[in-house]
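Q: model.cif (mmCIF, C-alpha atoms) pasted underneath:
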```
data_start
#
loop_
_atom_site.label_atom_id
_atom_site.label_comp_id
_atom_site.auth_asym_id
_atom_site.auth_seq_id
_atom_site.Cartn_x
_atom_site.Cartn_y
_atom_site.Cartn_z
CA MET A 1 -4.10 -1.42 28.10
CA LEU A 2 -3.14 -3.60 25.20
CA ALA A 3 -5.71 -1.87 22.98
CA ALA A 4 -4.23 1.51 23.87
CA ARG A 5 -0.62 0.46 23.65
CA ILE A 6 -0.28 -2.13 20.91
CA GLY A 7 -3.59 -1.61 19.11
CA ALA A 8 -2.90 2.11 18.71
CA ALA A 9 0.62 1.36 17.46
CA PHE A 10 -0.72 -1.11 14.88
CA THR A 11 -3.33 1.34 13.61
CA ALA A 12 -0.88 4.23 13.44
CA GLU A 13 1.76 2.15 11.65
CA LEU A 14 -0.61 0.58 9.12
CA GLY A 15 -2.43 3.89 8.67
CA THR A 16 0.81 5.70 7.85
CA MET A 17 1.71 2.93 5.42
CA GLN A 18 -1.73 3.30 3.84
CA VAL A 19 -1.52 7.06 3.31
CA SER A 20 2.04 6.88 1.98
CA GLU A 21 0.96 4.29 -0.64
CA GLU A 22 3.14 1.58 0.96
CA VAL A 23 0.20 -0.79 1.35
CA GLU A 24 -0.78 -0.28 -2.28
CA ALA A 25 2.83 -0.84 -3.34
CA ILE A 26 2.84 -4.17 -1.46
CA GLU A 27 -0.39 -5.12 -3.19
CA ALA A 28 1.01 -4.01 -6.55
CA MET A 29 3.96 -6.37 -6.12
CA GLY A 30 1.51 -9.26 -5.90
CA ILE A 31 1.93 -9.70 -2.14
CA GLY A 32 -1.31 -10.01 -0.18
CA PRO A 33 -1.45 -7.24 2.47
CA LEU A 34 -3.56 -9.47 4.69
CA ARG A 35 -0.91 -12.17 4.73
CA PHE A 36 2.06 -9.81 4.88
CA LEU A 37 0.78 -7.08 7.20
CA VAL A 38 -2.25 -8.34 9.11
CA ALA A 39 -1.59 -12.04 9.77
CA PRO A 40 1.73 -11.60 11.66
CA ARG A 41 0.23 -8.86 13.85
CA LEU A 42 -2.89 -10.89 14.63
CA LEU A 43 -0.82 -13.95 15.43
CA ALA A 44 1.52 -11.92 17.65
CA LEU A 45 -1.36 -10.49 19.70
CA PHE A 46 -3.16 -13.84 19.77
CA LEU A 47 -0.12 -15.51 21.32
CA LEU A 48 1.04 -12.58 23.42
CA MET A 49 -2.26 -11.85 25.15
CA PRO A 50 -2.48 -15.08 27.21
CA CYS A 51 1.15 -14.61 28.33
CA LEU A 52 0.49 -11.06 29.43
CA SER A 53 -2.77 -12.09 31.01
CA THR A 54 -1.00 -14.80 33.05
CA VAL A 55 1.75 -12.42 34.14
CA SER A 56 -0.78 -9.75 35.13
CA ASN A 57 -2.86 -12.29 37.08
CA ILE A 58 0.19 -13.41 39.03
CA ALA A 59 1.15 -9.77 39.62
CA ALA A 60 -2.39 -9.01 40.81
CA ILE A 61 -2.33 -11.88 43.33
CA PHE A 62 1.10 -10.80 44.55
CA ALA A 63 0.00 -7.15 44.90
CA SER A 64 -3.16 -8.21 46.73
CA SER A 65 -1.08 -10.23 49.17
CA LEU A 66 1.04 -7.13 49.88
CA VAL A 67 -2.05 -4.96 50.44
CA SER A 68 -3.64 -7.65 52.63
CA LYS A 69 -0.50 -7.82 54.71
CA ALA A 70 -0.08 -4.04 54.98
CA TYR A 71 -3.67 -3.05 55.72
CA PHE A 72 -5.29 -6.17 57.19
CA SER A 73 -2.27 -7.94 58.67
CA ILE A 74 -3.08 -11.14 56.79
CA ALA A 75 0.00 -13.36 56.71
CA PHE A 76 1.29 -14.51 53.32
CA PRO A 77 0.80 -18.28 53.96
CA TYR A 78 -2.79 -17.68 55.07
CA PHE A 79 -3.40 -15.42 52.07
CA LEU A 80 -2.08 -18.12 49.75
CA ASP A 81 -4.37 -20.68 51.38
CA LEU A 82 -7.33 -18.37 50.77
CA VAL A 83 -6.27 -17.94 47.13
CA LYS A 84 -5.95 -21.71 46.67
CA ASP A 85 -9.41 -22.23 48.17
CA SER A 86 -11.20 -19.66 46.06
CA LEU A 87 -9.34 -20.05 42.75
CA LEU A 88 -10.78 -22.74 40.53
CA ILE A 89 -8.93 -24.36 37.64
CA ARG A 90 -11.79 -23.45 35.34
CA ASP A 91 -11.31 -19.77 36.26
CA ILE A 92 -7.74 -20.01 35.04
CA ILE A 93 -8.76 -21.83 31.86
CA THR A 94 -11.56 -19.39 31.01
CA GLY A 95 -9.27 -16.45 31.76
CA VAL A 96 -6.67 -17.74 29.34
CA LEU A 97 -9.29 -18.59 26.70
CA LYS A 98 -10.76 -15.11 26.99
CA SER A 99 -7.35 -13.53 26.55
CA PHE A 100 -6.86 -15.39 23.24
CA LEU A 101 -10.18 -13.96 22.04
CA PHE A 102 -9.38 -10.43 23.24
CA GLY A 103 -5.99 -10.55 21.51
CA LEU A 104 -7.68 -11.44 18.25
CA LEU A 105 -10.34 -8.75 18.68
CA ILE A 106 -7.84 -5.98 19.47
CA GLY A 107 -5.57 -7.04 16.59
CA ALA A 108 -8.40 -7.28 14.07
CA ILE A 109 -9.89 -3.90 15.02
CA ALA A 110 -6.48 -2.18 15.03
CA CYS A 111 -5.47 -3.61 11.64
CA TYR A 112 -8.86 -2.88 10.07
CA ARG A 113 -8.80 0.74 11.23
CA GLY A 114 -5.21 1.10 10.03
CA LEU A 115 -5.84 -0.28 6.56
CA THR A 116 -8.96 1.82 6.03
CA VAL A 117 -7.37 5.17 6.91
CA LYS A 118 -8.34 8.03 4.63
CA GLY A 119 -7.39 11.68 4.76
CA GLY A 120 -3.63 11.82 5.34
CA ALA A 121 -2.02 12.50 8.73
CA ALA A 122 -5.26 13.73 10.27
CA GLY A 123 -6.94 10.52 9.14
CA VAL A 124 -4.25 8.45 10.87
CA GLY A 125 -4.92 10.34 14.13
CA THR A 126 -8.68 9.90 13.86
CA SER A 127 -8.40 6.21 13.04
CA THR A 128 -5.98 5.57 15.90
CA THR A 129 -8.36 7.16 18.41
CA SER A 130 -11.26 5.29 16.91
CA SER A 131 -9.31 2.03 17.00
CA VAL A 132 -8.56 2.35 20.73
CA VAL A 133 -12.13 3.34 21.62
CA THR A 134 -13.66 0.57 19.48
CA ALA A 135 -11.26 -2.05 20.81
CA ILE A 136 -11.84 -1.14 24.48
CA THR A 137 -15.62 -1.02 24.01
CA THR A 138 -15.66 -4.31 22.11
CA VAL A 139 -13.46 -6.05 24.69
CA ILE A 140 -15.69 -4.85 27.54
CA GLY A 141 -18.77 -5.89 25.59
CA PHE A 142 -17.41 -9.35 24.80
CA ASP A 143 -16.17 -9.79 28.37
CA THR A 144 -19.63 -9.00 29.73
CA LEU A 145 -21.28 -11.34 27.25
CA TYR A 146 -18.78 -14.07 28.00
CA ASN A 147 -19.31 -13.74 31.74
CA ILE A 148 -23.10 -13.83 31.37
CA VAL A 149 -22.91 -16.99 29.24
CA TYR A 150 -20.36 -18.50 31.60
CA THR A 151 -22.30 -17.88 34.82
CA VAL A 152 -25.70 -18.78 33.33
CA PHE A 153 -24.71 -21.98 31.55
CA PHE A 154 -21.84 -23.14 33.75
CA PRO A 155 -22.71 -22.11 37.31
CA THR A 156 -20.30 -23.05 40.11
CA MET B 1 0.26 -6.48 -24.15
CA VAL B 2 -2.27 -4.14 -22.49
CA GLU B 3 -5.66 -3.07 -23.71
CA LEU B 4 -8.24 -0.83 -22.05
CA ARG B 5 -11.66 -1.00 -23.71
CA ASP B 6 -14.22 1.70 -23.15
CA VAL B 7 -13.24 2.13 -19.50
CA GLY B 8 -15.35 4.37 -17.27
CA MET B 9 -14.27 5.41 -13.79
CA GLN B 10 -15.99 7.69 -11.37
CA PHE B 11 -15.02 8.82 -7.87
CA GLU B 12 -18.18 9.91 -6.06
CA ASP B 13 -19.61 12.56 -8.39
CA LYS B 14 -16.40 13.15 -10.36
CA LYS B 15 -16.13 11.31 -13.66
CA VAL B 16 -12.42 10.64 -14.24
CA LEU B 17 -12.48 8.29 -17.22
CA ASP B 18 -15.31 8.19 -19.71
CA GLY B 19 -15.10 5.65 -22.51
CA PHE B 20 -11.31 5.49 -22.27
CA SER B 21 -9.71 3.08 -24.75
CA LEU B 22 -6.03 2.40 -25.34
CA LYS B 23 -3.88 -0.39 -26.69
CA VAL B 24 -0.22 -0.91 -25.79
CA GLU B 25 1.94 -3.16 -27.95
CA PRO B 26 4.83 -5.26 -26.58
CA GLN B 27 8.13 -3.42 -26.07
CA GLU B 28 6.53 -0.04 -26.55
CA ARG B 29 7.31 2.93 -24.32
CA LEU B 30 3.95 4.61 -24.13
CA VAL B 31 3.69 7.96 -22.41
CA ILE B 32 0.27 9.16 -21.29
CA MET B 33 0.11 12.90 -20.86
CA GLY B 34 -2.57 15.02 -19.32
CA GLN B 35 -3.30 17.75 -16.86
CA THR B 36 -2.85 17.29 -13.13
CA GLY B 37 -5.85 15.42 -11.77
CA SER B 38 -6.96 14.23 -15.20
CA GLY B 39 -6.87 10.56 -14.19
CA LYS B 40 -3.44 9.49 -15.46
CA SER B 41 -2.44 7.69 -12.25
CA THR B 42 -5.90 6.11 -12.12
CA ILE B 43 -5.14 4.41 -15.45
CA LEU B 44 -2.05 2.74 -13.96
CA ARG B 45 -3.99 1.61 -10.90
CA LEU B 46 -6.69 0.17 -13.12
CA ILE B 47 -4.11 -1.80 -15.12
CA LEU B 48 -2.62 -3.10 -11.86
CA GLY B 49 -6.08 -4.01 -10.64
CA THR B 50 -5.78 -2.06 -7.38
CA LEU B 51 -8.79 -0.10 -8.63
CA ARG B 52 -11.81 -1.58 -10.39
CA PRO B 53 -13.44 0.42 -13.18
CA ASN B 54 -17.14 1.25 -13.13
CA SER B 55 -17.44 0.03 -16.71
CA GLY B 56 -15.35 -1.42 -19.53
CA SER B 57 -12.65 -4.08 -19.63
CA ILE B 58 -8.90 -4.13 -19.11
CA PHE B 59 -6.66 -6.82 -20.54
CA PHE B 60 -3.06 -7.68 -19.72
CA LYS B 61 -1.83 -10.30 -22.17
CA ARG B 62 -4.61 -12.90 -22.19
CA PHE B 63 -5.96 -12.00 -18.75
CA GLU B 64 -8.97 -9.79 -18.23
CA ILE B 65 -7.84 -7.87 -15.16
CA THR B 66 -11.34 -6.67 -14.38
CA ARG B 67 -12.65 -10.23 -14.00
CA LEU B 68 -9.77 -11.88 -12.16
CA ARG B 69 -10.17 -13.14 -8.63
CA ARG B 70 -7.86 -11.75 -5.96
CA ARG B 71 -5.47 -14.72 -5.92
CA LYS B 72 -5.10 -14.85 -9.71
CA LEU B 73 -4.74 -11.08 -9.83
CA GLN B 74 -1.86 -11.29 -7.37
CA GLN B 75 -0.16 -13.83 -9.62
CA VAL B 76 -0.67 -11.65 -12.70
CA ARG B 77 0.71 -8.59 -10.89
CA ARG B 78 4.02 -10.38 -10.49
CA HIS B 79 4.53 -9.82 -14.23
CA MET B 80 4.15 -6.07 -13.74
CA GLY B 81 6.34 -3.56 -11.95
CA MET B 82 5.05 -0.29 -10.59
CA VAL B 83 7.01 2.84 -9.71
CA TYR B 84 4.93 5.25 -7.66
CA GLN B 85 5.11 9.03 -7.86
CA TYR B 86 6.42 9.24 -4.29
CA SER B 87 8.32 5.95 -4.62
CA ALA B 88 6.29 4.18 -1.87
CA LEU B 89 9.32 2.47 -0.36
CA LEU B 90 8.64 0.70 2.93
CA SER B 91 9.92 3.22 5.46
CA SER B 92 10.78 0.63 8.11
CA ARG B 93 13.07 -1.38 5.79
CA ASN B 94 16.44 -0.37 4.44
CA VAL B 95 17.17 -0.14 0.72
CA ARG B 96 18.37 -3.74 0.40
CA ASP B 97 15.34 -5.13 2.23
CA ASN B 98 13.00 -2.99 0.16
CA VAL B 99 14.43 -4.31 -3.10
CA ALA B 100 14.57 -7.87 -1.80
CA LEU B 101 10.97 -7.88 -0.55
CA PRO B 102 9.24 -9.29 -3.67
CA LEU B 103 11.89 -12.00 -3.96
CA GLU B 104 11.60 -12.96 -0.30
CA GLU B 105 7.83 -13.09 -0.36
CA LEU B 106 7.07 -14.47 -3.79
CA THR B 107 9.91 -16.79 -4.75
CA ASP B 108 11.69 -19.80 -3.28
CA LYS B 109 15.13 -18.36 -3.98
CA SER B 110 17.89 -18.83 -1.42
CA ARG B 111 19.37 -15.91 0.51
CA SER B 112 22.49 -15.89 -1.65
CA GLU B 113 20.44 -15.87 -4.88
CA ILE B 114 18.31 -13.01 -3.56
CA ASP B 115 21.41 -11.05 -2.55
CA LYS B 116 22.89 -11.55 -6.00
CA ILE B 117 19.75 -10.28 -7.77
CA VAL B 118 19.43 -7.31 -5.40
CA ASP B 119 23.09 -6.38 -5.99
CA GLU B 120 22.57 -6.63 -9.72
CA LYS B 121 19.47 -4.40 -9.71
CA LEU B 122 21.00 -1.84 -7.36
CA ASP B 123 24.03 -1.74 -9.61
CA LEU B 124 21.79 -1.25 -12.61
CA VAL B 125 20.26 1.89 -11.09
CA GLY B 126 23.61 3.05 -9.73
CA MET B 127 22.61 2.76 -6.07
CA LYS B 128 24.84 -0.01 -4.75
CA ASP B 129 26.37 2.16 -2.02
CA THR B 130 23.03 2.95 -0.40
CA GLU B 131 21.90 -0.56 0.49
CA ASP B 132 22.02 -0.05 4.26
CA LEU B 133 20.27 3.31 4.27
CA LEU B 134 16.64 3.84 5.23
CA PRO B 135 14.30 5.56 2.74
CA GLU B 136 14.16 8.69 4.93
CA GLU B 137 17.91 9.09 4.42
CA LEU B 138 17.56 9.21 0.62
CA SER B 139 16.83 12.10 -1.73
CA GLY B 140 13.82 12.08 -4.06
CA GLY B 141 15.88 10.96 -7.06
CA MET B 142 17.56 8.18 -5.08
CA LYS B 143 14.19 6.93 -3.85
CA LYS B 144 12.90 6.85 -7.42
CA ARG B 145 15.89 4.80 -8.54
CA ILE B 146 15.41 2.35 -5.67
CA ALA B 147 11.72 2.11 -6.57
CA VAL B 148 12.74 1.29 -10.16
CA ALA B 149 15.17 -1.38 -8.89
CA ARG B 150 12.42 -2.88 -6.70
CA SER B 151 9.98 -2.96 -9.60
CA LEU B 152 12.52 -4.92 -11.69
CA VAL B 153 13.56 -7.71 -9.34
CA LEU B 154 10.87 -10.10 -10.53
CA GLU B 155 11.82 -9.43 -14.19
CA PRO B 156 8.43 -7.98 -15.15
CA GLU B 157 7.18 -7.80 -18.72
CA LEU B 158 5.41 -4.52 -18.08
CA ILE B 159 6.59 -1.58 -16.03
CA LEU B 160 4.25 1.21 -14.99
CA LEU B 161 5.75 4.54 -14.00
CA ASP B 162 3.83 7.29 -12.28
CA GLU B 163 5.50 10.67 -12.80
CA PRO B 164 9.02 9.22 -12.69
CA SER B 165 10.79 12.56 -13.06
CA ALA B 166 8.37 14.86 -11.23
CA GLY B 167 10.02 17.02 -8.62
CA LEU B 168 13.55 16.10 -9.66
CA ASP B 169 16.23 18.43 -10.96
CA PRO B 170 16.77 18.27 -14.77
CA VAL B 171 19.96 16.21 -14.54
CA ILE B 172 18.53 13.53 -12.24
CA ALA B 173 15.31 13.57 -14.30
CA SER B 174 17.40 12.79 -17.39
CA VAL B 175 19.22 10.02 -15.51
CA ILE B 176 15.88 8.42 -14.62
CA ASP B 177 14.62 8.81 -18.19
CA GLU B 178 17.74 7.21 -19.63
CA LEU B 179 17.45 4.43 -17.11
CA ILE B 180 13.89 3.71 -18.28
CA ILE B 181 14.97 3.73 -21.93
CA SER B 182 17.93 1.44 -21.34
CA LEU B 183 15.82 -0.96 -19.27
CA THR B 184 13.17 -1.28 -21.92
CA GLU B 185 15.76 -1.68 -24.67
CA LYS B 186 17.97 -4.18 -22.85
CA SER B 187 15.31 -6.23 -21.09
CA LYS B 188 12.60 -5.95 -23.78
CA VAL B 189 10.20 -4.60 -21.18
CA THR B 190 7.07 -2.70 -22.15
CA SER B 191 6.56 0.53 -20.26
CA ILE B 192 3.66 2.86 -19.61
CA THR B 193 4.62 6.19 -18.14
CA VAL B 194 2.25 8.90 -17.02
CA THR B 195 3.65 12.36 -16.76
CA HIS B 196 3.03 15.99 -17.51
CA GLU B 197 6.75 16.73 -17.69
CA MET B 198 7.19 17.59 -21.35
CA ASP B 199 10.95 17.05 -21.75
CA SER B 200 10.84 13.74 -19.97
CA ALA B 201 7.84 12.54 -21.99
CA PHE B 202 9.45 13.27 -25.36
CA ARG B 203 12.72 11.69 -24.27
CA ILE B 204 11.14 8.43 -23.14
CA ALA B 205 8.26 7.88 -25.53
CA THR B 206 8.03 5.70 -28.58
CA ARG B 207 4.32 6.62 -28.63
CA MET B 208 2.33 9.26 -26.81
CA ALA B 209 -1.29 9.64 -25.82
CA MET B 210 -3.08 12.69 -24.52
CA LEU B 211 -5.78 12.25 -21.89
CA TYR B 212 -8.38 14.97 -21.72
CA GLN B 213 -11.79 14.91 -20.03
CA GLY B 214 -11.59 11.15 -19.51
CA LYS B 215 -10.74 10.20 -23.08
CA VAL B 216 -7.71 9.80 -25.32
CA ILE B 217 -7.93 12.76 -27.66
CA GLU B 218 -4.61 12.24 -29.47
CA GLU B 219 -2.35 9.25 -29.92
CA ALA B 220 0.80 9.34 -32.06
CA GLU B 221 4.55 8.92 -32.23
CA PRO B 222 6.42 11.79 -30.54
CA GLU B 223 7.22 13.73 -33.74
CA LYS B 224 3.65 13.52 -35.03
CA PHE B 225 2.31 14.26 -31.56
CA LYS B 226 4.35 17.46 -31.45
CA GLN B 227 2.71 18.62 -34.67
CA SER B 228 -0.81 17.70 -33.62
CA LYS B 229 -3.55 19.98 -34.89
CA ASN B 230 -5.71 19.22 -31.90
CA PRO B 231 -6.09 22.57 -30.04
CA VAL B 232 -5.99 20.91 -26.61
CA VAL B 233 -2.73 19.11 -27.42
CA ALA B 234 -1.28 22.26 -28.97
CA GLN B 235 -2.13 24.32 -25.89
CA PHE B 236 -0.83 21.63 -23.53
CA LEU B 237 2.47 21.39 -25.39
CA SER B 238 2.94 25.14 -25.67
CA GLY B 239 1.85 25.79 -22.08
CA SER B 240 -0.24 28.71 -23.29
CA THR B 241 -2.94 30.16 -21.04
CA LYS B 242 -5.18 30.76 -24.05
CA GLY B 243 -7.01 27.79 -25.46
CA PRO B 244 -9.65 25.16 -24.84
CA ILE B 245 -8.09 23.72 -21.67
CA LEU B 246 -8.64 26.78 -19.51
CA GLU B 247 -11.86 27.68 -21.33
CA GLY B 248 -13.10 24.18 -20.47
CA SER B 249 -12.21 24.80 -16.84
CA GLN B 250 -13.86 28.21 -16.93
CA ASP B 251 -17.01 26.64 -18.44
CA ALA B 252 -16.99 24.04 -15.72
CA ILE B 253 -16.53 26.69 -13.03
CA THR B 254 -19.30 28.88 -14.54
CA LYS B 255 -21.64 25.89 -14.78
CA LYS B 256 -21.15 25.18 -11.07
#
```
Would you write out, as structure tokens, the structure that this file holds?

A:
Amino acid sequence: MLAARIGAAFTAELGTMQVSEEVEAIEAMGIGPLRFLVAPRLLALFLLMPCLSTVSNIAAIFASSLVSKAYFSIAFPYFLDLVKDSLLIRDIITGVLKSFLFGLLIGAIACYRGLTVKGGAAGVGTSTTSSVVTAITTVIGFDTLYNIVYTVFFPT
Amino acid sequence: MVELRDVGMQFEDKKVLDGFSLKVEPQERLVIMGQTGSGKSTILRLILGTLRPNSGSIFFKRFEITRLRRRKLQQVRRHMGMVYQYSALLSSRNVRDNVALPLEELTDKSRSEIDKIVDEKLDLVGMKDTEDLLPEELSGGMKKRIAVARSLVLEPELILLDEPSAGLDPVIASVIDELIISLTEKSKVTSITVTHEMDSAFRIATRMAMLYQGKVIEEAEPEKFKQSKNPVVAQFLSGSTKGPILEGSQDAITKK
């Protein structure tokens, strides 16, 4: 979701700046585009992702409790007990760590695609699509890899 | 101030500059003329170091631009100001923030000092009333003037102008030209302007150079340039359809 929402926005914004010579103008002033344009975006996603991830995890548990109550008549206190039993601290830690990594990946891919746009408005469109697809694929790939490493080397 | 020595530049299979050499003295107003797509803007980008030539060397003062590392190049660029053909103002920032950007990012000046410099530069280009407007709310001529103001905030020694009066009405074009002349005279700035706008070129220039097929084929003061015997220059200045420029194109088309 973040790749589609924020990643696409980053690519489109930087891509438009690239084709309208704004990025070159920044460079021509002696300002590093990486520091001025890329670093704040990467940092924002790096810090935002764990927050969003935490909020979405809490929302997921809350939604599950509602579904459990509605369809399986599981009472909220019992549901919470089950959550407490099955949720390990290390799951929370790895989840948060992963979200830092995913934030960086999405940000880096989005900014790279934006700054390498060629071919005017059509190029911005193509790069934005490519950015979203690459980011989603990379995140899924890294997530799979991470989970394999995690379960193989650190079994429960 | 600036020297390009035997510079060659090629984009894929198109040779843009081929053994291009040019020297610019301090406080000169050099105008480089040439056909559309002849590589005039490329020359400015090479001087700025945003493009690297395939061969040759480029010097700005004692620095060889072509050999500088990124960090040093960024420091050297602070002594240059660039005005792009389409102004290249940051569309998300208003006029004041656009002009203030180099000061905010590259100096330790306080907010009040920055505001004072921005006011001064906006006043210089006659755009003080537009400081809260976004670039999309400005006309082409206004954008150009803001771009000039932005290029001057760091007090550069060299200002590079890419088609400063292209697409503007004759009156605004003259205003821009006079602004460039007064800036270079008052602030002792050296300027390199690329244009194919004849009136503007002759108004600004203290020296002119003609770029043709990747080389400088004529270089002289405006009066001498006007009387050049070179058939390419003569055809370019007269705007005639008969002459070596179109024959050259025809040859090139036939060869293909």

Q: Which residue is closest to chain B? Choose from A:Phe36, A:Tyr78, A:Phe62, A:Tyr71 and count all atoms listed in the file.

A: A:Phe36

Q: Please provide as number ranges by chain all residues within 10 Å of Ala205 in chain B, with the sequence filter that same-chain residues fewer than 5 positions apart are discarded (counting only C-alpha atoms).

A: B: 28-32, 177, 181, 191-193, 200, 221-222

Q: Given a cut-off of 7 Å, which residues of chain B touch chain A, counting all atoms listed in the file, written out as a PyMOL selection string?

A: chain B and resi 48+74-75+77-78+81-82+88-90+102

Q: Apply the PyMOL selection byres ((chain A and resi 116-122) around 10) to the displayed file and report the matching residues as a VMD selection string.

A: chain A and resid 11 to 12 14 to 20 111 to 115 123 to 128

Q: I'd like the residues picked by the PyMOL selection byres ((chain B and resi 5) around 10) written out as JSON, numbers by chain, using the chain letters and numbers from the file.

A: {"B": [2, 3, 4, 6, 7, 8, 19, 20, 21, 22, 23, 55, 56, 57, 58, 59]}

Q: Which residues fall under the PyMOL selection byres ((chain A and resi 82-91) around 12) in this file, as a ChimeraX atom specification?

A: /A:54,57-58,60-62,64-65,68,74-81,92-98,147,150-151,154-156

Q: Which residues are near Ser92 in chain B? Cut-off 10 Å, all atoms listed in the file, ignore same chain within fewer than 4 positions. Put them as a VMD selection string.

A: (chain A and resid 13 17) or (chain B and resid 97 to 98 134 to 136)

Q: Could you tell me how far CA of Arg69 in chain B sits from CA of Leu34 in chain A, in Å to one decimal place?

A: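 Going from CA of Leu34 in chain A over to CA of Arg69 in chain B covers 15.3 Å.
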
Q: Around (-14.2, 17.3, -20.4), as given in the file, which residues come within 12 Å? Count only C-alpha atoms and list them as number ranges by chain.

A: B: 14-19, 34-35, 38-39, 211-217, 232, 244-252

Q: Where atoms are absent from range 97-112 of chain B, fill them in so it carries N, CA and C atoms, then output it as a compact mmCIF listing (two decimals), keeping the file's coordinate frame.

A:
```
# COMPACT_ATOMS: atom_id res chain seq x y z
N ASP B 97 16.54 -4.37 1.87
CA ASP B 97 15.34 -5.13 2.23
C ASP B 97 14.13 -4.73 1.38
N ASN B 98 14.08 -3.44 1.03
CA ASN B 98 13.00 -2.99 0.16
C ASN B 98 13.06 -3.68 -1.20
N VAL B 99 14.26 -3.72 -1.75
CA VAL B 99 14.43 -4.31 -3.10
C VAL B 99 14.24 -5.83 -3.04
N ALA B 100 14.65 -6.40 -1.91
CA ALA B 100 14.57 -7.87 -1.80
C ALA B 100 13.16 -8.37 -1.49
N LEU B 101 12.30 -7.46 -1.02
CA LEU B 101 10.97 -7.88 -0.55
C LEU B 101 10.19 -8.79 -1.51
N PRO B 102 10.01 -8.41 -2.79
CA PRO B 102 9.24 -9.29 -3.67
C PRO B 102 9.88 -10.67 -3.82
N LEU B 103 11.21 -10.71 -3.82
CA LEU B 103 11.89 -12.00 -3.96
C LEU B 103 11.70 -12.86 -2.72
N GLU B 104 11.77 -12.22 -1.56
CA GLU B 104 11.60 -12.96 -0.30
C GLU B 104 10.18 -13.52 -0.17
N GLU B 105 9.23 -12.71 -0.58
CA GLU B 105 7.83 -13.09 -0.36
C GLU B 105 7.24 -13.97 -1.46
N LEU B 106 7.76 -13.82 -2.66
CA LEU B 106 7.07 -14.47 -3.79
C LEU B 106 7.88 -15.55 -4.50
N THR B 107 9.12 -15.76 -4.08
CA THR B 107 9.91 -16.79 -4.75
C THR B 107 10.52 -17.73 -3.70
N ASP B 108 11.05 -18.84 -4.19
CA ASP B 108 11.69 -19.80 -3.28
C ASP B 108 13.22 -19.65 -3.31
N LYS B 109 13.68 -18.53 -3.81
CA LYS B 109 15.13 -18.36 -3.98
C LYS B 109 15.85 -18.35 -2.63
N SER B 110 17.09 -18.82 -2.65
CA SER B 110 17.89 -18.83 -1.42
C SER B 110 18.39 -17.42 -1.12
N ARG B 111 18.87 -17.22 0.11
CA ARG B 111 19.37 -15.91 0.51
C ARG B 111 20.47 -15.40 -0.43
N SER B 112 21.37 -16.32 -0.81
CA SER B 112 22.49 -15.89 -1.65
C SER B 112 22.00 -15.50 -3.06
```
